[in-house]
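The structure file model-v9.txt is reproduced below (compact mmCIF, C-alpha atoms and all ligand atoms).
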```txt
# COMPACT_ATOMS: atom_id res chain seq x y z
CA MET A 1 -26.82 153.22 72.87
CA SER A 2 -28.01 150.78 70.24
CA LYS A 3 -31.38 151.40 68.69
CA ILE A 4 -34.20 148.98 68.12
CA ILE A 5 -37.23 148.60 65.89
CA ILE A 6 -40.63 148.64 67.58
CA ALA A 7 -43.45 147.18 65.48
CA ILE A 8 -47.02 147.92 66.57
CA ASP A 9 -49.72 146.04 64.69
CA GLY A 10 -53.40 145.66 65.34
CA TYR A 11 -56.99 146.25 64.28
CA SER A 12 -58.21 149.62 63.09
CA SER A 13 -58.74 152.34 65.67
CA THR A 14 -57.01 150.50 68.49
CA GLY A 15 -55.12 153.69 69.27
CA LYS A 16 -51.85 152.30 67.89
CA SER A 17 -50.76 155.60 66.43
CA THR A 18 -51.41 157.65 69.56
CA VAL A 19 -49.20 155.40 71.66
CA ALA A 20 -46.61 154.87 68.93
CA LYS A 21 -46.24 158.61 68.42
CA LEU A 22 -45.72 159.31 72.14
CA LEU A 23 -43.33 156.41 72.52
CA ALA A 24 -41.23 157.57 69.57
CA LYS A 25 -41.05 161.05 71.04
CA GLU A 26 -39.85 159.75 74.42
CA LEU A 27 -37.22 157.53 72.84
CA GLY A 28 -36.13 160.11 70.27
CA TYR A 29 -37.10 157.66 67.51
CA ILE A 30 -38.72 158.19 64.13
CA TYR A 31 -42.44 157.41 64.05
CA VAL A 32 -44.09 156.07 60.91
CA ASP A 33 -47.84 155.61 60.49
CA THR A 34 -47.99 153.11 57.63
CA GLY A 35 -51.80 153.32 57.51
CA ALA A 36 -51.33 156.92 56.35
CA MET A 37 -49.35 155.60 53.37
CA TYR A 38 -52.14 153.22 52.32
CA ARG A 39 -54.59 156.06 52.86
CA ALA A 40 -52.47 158.35 50.64
CA VAL A 41 -52.59 155.83 47.77
CA THR A 42 -56.35 155.55 48.33
CA TYR A 43 -56.72 159.33 48.23
CA PHE A 44 -54.80 159.35 44.93
CA ALA A 45 -57.15 156.66 43.56
CA VAL A 46 -60.22 158.66 44.61
CA GLN A 47 -58.81 161.86 43.09
CA HIS A 48 -58.21 160.09 39.78
CA ASN A 49 -61.59 158.32 39.77
CA LEU A 50 -59.92 154.92 39.96
CA ILE A 51 -62.14 153.66 42.76
CA THR A 52 -65.86 153.95 43.52
CA GLU A 53 -68.33 151.92 45.60
CA ASP A 54 -68.54 149.25 42.93
CA SER A 55 -65.46 149.60 40.76
CA LEU A 56 -61.70 149.56 41.06
CA ASN A 57 -59.36 150.22 38.15
CA ASN A 58 -56.48 148.05 39.37
CA GLU A 59 -54.44 148.28 36.20
CA ALA A 60 -54.52 152.07 35.98
CA LEU A 61 -53.60 152.37 39.63
CA ILE A 62 -50.72 149.92 39.32
CA SER A 63 -49.34 151.74 36.32
CA SER A 64 -49.57 155.05 38.20
CA LEU A 65 -47.62 153.84 41.22
CA ASP A 66 -44.40 155.53 40.09
CA ASP A 67 -46.28 158.86 40.07
CA ILE A 68 -47.23 158.47 43.71
CA ASN A 69 -44.64 160.06 45.95
CA ILE A 70 -45.45 159.82 49.63
CA ILE A 71 -43.31 161.53 52.26
CA PHE A 72 -43.66 162.52 55.90
CA LYS A 73 -42.62 166.00 57.01
CA PHE A 74 -42.26 166.85 60.67
CA ASN A 75 -44.50 169.73 61.72
CA ASP A 76 -42.78 171.48 64.64
CA ALA A 77 -45.90 173.33 65.72
CA LEU A 78 -47.99 170.16 65.92
CA GLY A 79 -45.18 167.96 67.21
CA PHE A 80 -45.75 165.18 64.69
CA ALA A 81 -45.07 164.34 61.06
CA GLU A 82 -47.70 164.98 58.42
CA VAL A 83 -48.17 163.01 55.24
CA TYR A 84 -47.62 164.57 51.82
CA LEU A 85 -48.67 163.21 48.46
CA ASN A 86 -46.68 164.71 45.60
CA GLU A 87 -45.83 167.79 47.69
CA GLU A 88 -49.44 168.31 48.87
CA ASN A 89 -50.18 168.07 52.59
CA ILE A 90 -53.06 165.57 52.72
CA GLU A 91 -53.08 164.90 56.45
CA SER A 92 -56.75 165.81 56.91
CA GLN A 93 -57.97 164.54 53.51
CA ILE A 94 -56.87 160.98 54.31
CA ARG A 95 -58.85 160.77 57.57
CA THR A 96 -62.32 161.05 56.00
CA LEU A 97 -64.84 158.22 56.12
CA GLU A 98 -64.69 158.06 52.30
CA VAL A 99 -60.98 157.18 52.35
CA SER A 100 -61.55 154.81 55.31
CA LYS A 101 -64.25 153.06 53.31
CA TYR A 102 -61.99 152.34 50.33
CA VAL A 103 -58.58 151.88 51.92
CA SER A 104 -58.81 148.16 52.71
CA ARG A 105 -59.55 147.40 49.04
CA ILE A 106 -56.48 149.36 47.98
CA ALA A 107 -54.39 147.64 50.65
CA GLU A 108 -55.27 144.26 49.12
CA ILE A 109 -53.34 145.05 45.93
CA SER A 110 -49.96 143.29 46.06
CA GLU A 111 -48.19 145.85 43.85
CA VAL A 112 -49.26 148.64 46.21
CA ARG A 113 -48.03 146.65 49.20
CA ARG A 114 -44.70 145.88 47.55
CA LYS A 115 -44.01 149.55 46.89
CA LEU A 116 -44.98 150.72 50.37
CA VAL A 117 -43.19 147.88 52.20
CA GLN A 118 -39.98 148.72 50.32
CA GLU A 119 -40.25 152.36 51.35
CA GLN A 120 -41.00 151.40 54.96
CA GLN A 121 -37.97 149.10 55.13
CA LEU A 122 -35.80 151.93 53.88
CA MET A 123 -37.11 154.26 56.60
CA GLY A 124 -36.10 151.71 59.25
CA LYS A 125 -32.71 150.73 57.87
CA ASP A 126 -30.86 152.52 60.70
CA ARG A 127 -33.33 151.20 63.31
CA GLY A 128 -34.50 153.70 65.98
CA ILE A 129 -38.04 153.59 64.64
CA VAL A 130 -41.56 152.97 65.91
CA MET A 131 -43.81 151.83 63.07
CA ASP A 132 -47.48 150.98 63.27
CA GLY A 133 -49.70 149.12 60.84
CA ARG A 134 -50.97 145.63 60.10
CA ASP A 135 -47.96 143.72 58.77
CA ILE A 136 -45.01 145.42 60.46
CA GLY A 137 -43.99 142.52 62.71
CA SER A 138 -44.86 139.90 60.10
CA VAL A 139 -43.63 141.33 56.79
CA VAL A 140 -41.93 144.72 57.02
CA PHE A 141 -39.64 144.00 59.98
CA PRO A 142 -39.88 140.34 60.95
CA ASP A 143 -36.64 140.94 62.89
CA ALA A 144 -38.05 143.81 64.98
CA GLU A 145 -36.78 143.59 68.56
CA LEU A 146 -40.17 144.48 70.05
CA LYS A 147 -43.53 143.53 68.54
CA ILE A 148 -46.84 144.61 69.97
CA PHE A 149 -50.25 143.38 68.84
CA MET A 150 -53.01 145.78 69.92
CA THR A 151 -56.63 144.79 70.32
CA ALA A 152 -59.80 146.31 71.77
CA SER A 153 -63.49 145.53 71.30
CA ALA A 154 -65.09 146.79 68.06
CA ASP A 155 -67.46 148.96 70.08
CA THR A 156 -64.64 150.62 72.03
CA ARG A 157 -62.76 151.27 68.81
CA ALA A 158 -65.75 152.65 66.92
CA LYS A 159 -66.54 154.99 69.82
CA ARG A 160 -62.96 156.31 69.77
CA ARG A 161 -63.00 156.82 66.00
CA TYR A 162 -66.47 158.41 66.10
CA LYS A 163 -65.35 160.92 68.75
CA GLU A 164 -62.22 161.72 66.76
CA LEU A 165 -64.19 162.29 63.55
CA LEU A 166 -66.77 164.49 65.31
CA GLU A 167 -63.95 166.55 66.78
CA ARG A 168 -62.57 167.02 63.28
CA GLY A 169 -65.95 168.39 62.24
CA HIS A 170 -67.20 165.41 60.24
CA ASN A 171 -70.92 164.83 60.26
CA LEU A 172 -71.75 161.11 60.38
CA SER A 173 -73.50 158.43 62.36
CA TYR A 174 -71.97 156.12 64.96
CA ASP A 175 -73.44 153.12 63.12
CA ASP A 176 -71.56 154.03 59.92
CA VAL A 177 -68.30 154.24 61.85
CA LEU A 178 -68.92 150.90 63.59
CA GLU A 179 -69.76 149.24 60.29
CA ASN A 180 -66.57 150.62 58.73
CA VAL A 181 -64.45 149.34 61.61
CA ILE A 182 -65.96 145.83 61.39
CA THR A 183 -65.74 145.64 57.59
CA ARG A 184 -62.13 146.82 57.55
CA ASP A 185 -61.08 144.33 60.22
CA LYS A 186 -62.59 141.55 58.17
CA ILE A 187 -60.88 142.55 54.91
CA ASP A 188 -57.57 143.32 56.66
CA SER A 189 -57.39 139.98 58.43
CA THR A 190 -58.63 137.75 55.62
CA ARG A 191 -56.86 139.23 52.57
CA GLU A 192 -54.43 136.99 50.74
CA ASP A 193 -51.36 139.24 50.78
CA SER A 194 -49.95 140.06 54.25
CA PRO A 195 -53.13 139.72 56.29
CA LEU A 196 -53.26 141.16 59.79
CA ILE A 197 -52.08 138.35 62.05
CA ARG A 198 -50.59 138.13 65.47
CA VAL A 199 -47.12 136.68 64.98
CA GLU A 200 -45.83 134.32 67.64
CA ASP A 201 -43.30 136.71 69.11
CA ALA A 202 -45.73 139.63 69.41
CA ILE A 203 -46.99 140.69 72.81
CA GLU A 204 -50.77 141.08 72.84
CA PHE A 205 -52.27 144.17 74.41
CA ASP A 206 -56.01 144.57 74.91
CA ASN A 207 -56.28 148.27 75.65
CA SER A 208 -60.11 148.50 75.96
CA LYS A 209 -59.78 149.43 79.60
CA MET A 210 -56.37 151.10 79.62
CA THR A 211 -55.63 154.79 79.54
CA ILE A 212 -53.05 156.13 77.08
CA GLU A 213 -50.66 156.75 79.99
CA GLU A 214 -50.99 153.12 81.14
CA GLN A 215 -50.38 151.80 77.64
CA LEU A 216 -47.40 154.05 77.16
CA ALA A 217 -45.85 153.08 80.50
CA ALA A 218 -46.28 149.36 79.77
CA ILE A 219 -44.80 149.53 76.28
CA ARG A 220 -41.99 151.83 77.37
CA LYS A 221 -41.03 149.28 80.02
CA LEU A 222 -40.93 146.52 77.39
CA ALA A 223 -38.77 148.71 75.15
CA GLU A 224 -36.38 149.52 78.00
CA ASP A 225 -36.03 145.82 78.78
CA LYS A 226 -35.07 145.17 75.15
CA LEU A 227 -32.56 148.01 75.21
CA LYS A 228 -30.76 146.66 78.30
O1 LIG A 301 -54.10 152.26 60.50
P1 LIG A 301 -55.18 152.79 59.54
O2 LIG A 301 -56.57 152.52 60.01
O3 LIG A 301 -54.98 154.22 59.20
O4 LIG A 301 -54.96 151.95 58.20
C1 LIG A 301 -55.77 152.12 57.08
C2 LIG A 301 -55.87 150.85 56.28
O5 LIG A 301 -54.63 150.57 55.64
C3 LIG A 301 -56.24 149.60 57.05
O6 LIG A 301 -57.62 149.33 57.02
C4 LIG A 301 -55.46 148.51 56.37
C5 LIG A 301 -54.37 149.19 55.63
N1 LIG A 301 -53.04 148.95 56.17
C6 LIG A 301 -52.37 147.83 55.76
O7 LIG A 301 -52.92 147.02 55.03
N2 LIG A 301 -51.09 147.60 56.16
C7 LIG A 301 -50.48 148.46 56.98
N3 LIG A 301 -49.21 148.23 57.37
C8 LIG A 301 -51.15 149.62 57.44
C9 LIG A 301 -52.45 149.83 57.03
```
Would you mind writing the file's structure down as structure tokens?
Amino acid sequence: MSKIIIAIDGYSSTGKSTVAKLLAKELGYIYVDTGAMYRAVTYFAVQHNLITEDSLNNEALISSLDDINIIFKFNDALGFAEVYLNEENIESQIRTLEVSKYVSRIAEISEVRRKLVQEQQLMGKDRGIVMDGRDIGSVVFPDAELKIFMTASADTRAKRRYKELLERGHNLSYDDVLENVITRDKIDSTREDSPLIRVEDAIEFDNSKMTIEEQLAAIRKLAEDKLK
């Protein structure tokens, strides 16, 4: 059977990755969380003191890009792929509020985007992939057979992210999480290079009131229709 590319874009914490991961598993496709790649570059920048609240050493980061090797390795026990930066598993380090706070500024840098987009296109060259992010249907795979644009209210999204962070043992306030969600949405959708937009051929999904099972069933049906 021929394989397709499924692009899932949308605002932060819309639950894109949860659905994308399950969908990929059901279809036997590769799943790629492109946000994890931007987070990995951000983690590198934090580690090398290239970014703080009020400074960003663009030039040093750009000239270090060749030293940043990001790969995904499937973890059989967990049932999903984890992200590695230069051989180090950084799956939990990239989910902190500190990385979330800086990541949109890193994702604005065109050189960073160019590198990651190239790598993402390579991962999907044989199709059979579910990829989530902000520019998948618009820039990475404009020819994707199925494009989904996920939305949900900022409050719903912040509550989801807050719960997830608490479960991971992070100690923070709901207001900080909500502020981060709103700020990131603004930067992600207004930046100059590859802003988050809903392309014309994307199907919009407001999942504020949908369970994961409902979302999965609806998207699976759309994928099956494309595969017919
Ligand atoms: O999906 P996420 O919240 O983990 O993504 C983290 C950040 O990375 C997000 O605020 C914007 C950026 N990003 C991007 O610019 N392009 C992508 N394809 C994926 C993420």
Could you write out as AutoDock Vina command-line options the box around region 93-101 of chain A (axis-aligned, all atoms listed in the file, 3 Å on each side), with centre and edge lengths in Å to one decimal?
```
--center_x -60.9 --center_y 158.8 --center_z 54.9 --size_x 14.0 --size_y 17.5 --size_z 11.3
```
Around ligand LIG 301 (chain A), which protein and nucleic acid residues have at least one atom no more than 7 Å from it, if we count all atoms listed in the file? List them as a list in words.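 Those residues are Ser12, Ser13, Thr34, Gly35, Ala36, Tyr38, Arg39, Ser100, Val103, Ser104, Ala107, Glu108, Asp132, Gly133, Arg134, Asp135, Ile136, Arg184, Asp185 and Asp188 of chain A.
The closest residue to Val139 (chain A), picked from A:Glu213, A:Glu59, A:Asp225, A:Asp9 and counting all atoms listed in the file, is A:Asp9.
Proximity to Ser208 (chain A) was assessed for A:Gly169, A:Gly10, A:Gly28, A:Gly15 counting all atoms listed in the file; the smallest distance is recorded for A:Gly15.
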Neighbour list for Gly79 (chain A) as a VMD selection string, cut-off 10 Å, only C-alpha atoms, skip fewer than 5 positions in-chain
chain A and resid 21 to 22 25 74
Tell me, in Å to one decimal, how far CA of Ala202 (chain A) is from CA of Ser138 (chain A).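 CA of Ser138 (chain A) lies at a distance of 9.4 Å from CA of Ala202 (chain A).
Reported to one decimal place, the separation of CA of Tyr31 (chain A) from CA of Leu178 (chain A) is 27.3 Å.
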Item to complete: Enter the distance from CA of Ile129 (chain A) to CA of Thr42 (chain A), in Å, rounded to one decimal.
Response: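 Taking CA of Ile129 (chain A) as the start and CA of Thr42 (chain A) as the end point, the length is 24.6 Å.
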Take the point (-46.6, 147.9, 66.7) as written in the file and pick out every residue within 10 Å of it, counting all atoms listed in the file; give the list as a compact mmCIF listing (two decimals) with C-alpha atoms, in the coordinates of the input.
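Contents of the output file part_21.txt:
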```
# COMPACT_ATOMS: atom_id res chain seq x y z
CA ILE A 5 -37.23 148.60 65.89
CA ILE A 6 -40.63 148.64 67.58
CA ALA A 7 -43.45 147.18 65.48
CA ILE A 8 -47.02 147.92 66.57
CA ASP A 9 -49.72 146.04 64.69
CA GLY A 10 -53.40 145.66 65.34
CA LYS A 16 -51.85 152.30 67.89
CA SER A 17 -50.76 155.60 66.43
CA VAL A 19 -49.20 155.40 71.66
CA ALA A 20 -46.61 154.87 68.93
CA ASP A 33 -47.84 155.61 60.49
CA VAL A 130 -41.56 152.97 65.91
CA MET A 131 -43.81 151.83 63.07
CA ASP A 132 -47.48 150.98 63.27
CA GLY A 133 -49.70 149.12 60.84
CA ARG A 134 -50.97 145.63 60.10
CA ASP A 135 -47.96 143.72 58.77
CA ILE A 136 -45.01 145.42 60.46
CA GLY A 137 -43.99 142.52 62.71
CA ALA A 144 -38.05 143.81 64.98
CA LEU A 146 -40.17 144.48 70.05
CA LYS A 147 -43.53 143.53 68.54
CA ILE A 148 -46.84 144.61 69.97
CA PHE A 149 -50.25 143.38 68.84
CA MET A 150 -53.01 145.78 69.92
CA ALA A 202 -45.73 139.63 69.41
CA ILE A 203 -46.99 140.69 72.81
CA ILE A 219 -44.80 149.53 76.28
```
Of A:Asn58, A:Lys3, A:Leu165, A:Leu23, the one sitting nearest Glu214 (chain A) when using all atoms listed in the file is A:Leu23
_Could you check which residues have any atom within 9 Å of (-66.3, 153.1, 60.4), counting all atoms listed in the file with coordinates taken straight from the file, and then list them as a list in words?_
Leu97, Ser100, Lys101, Ala158, Arg161, Tyr162, Tyr174, Asp175, Asp176, Val177, Leu178, Glu179, Asn180, Val181, Ile182, Thr183 and Arg184 of chain A
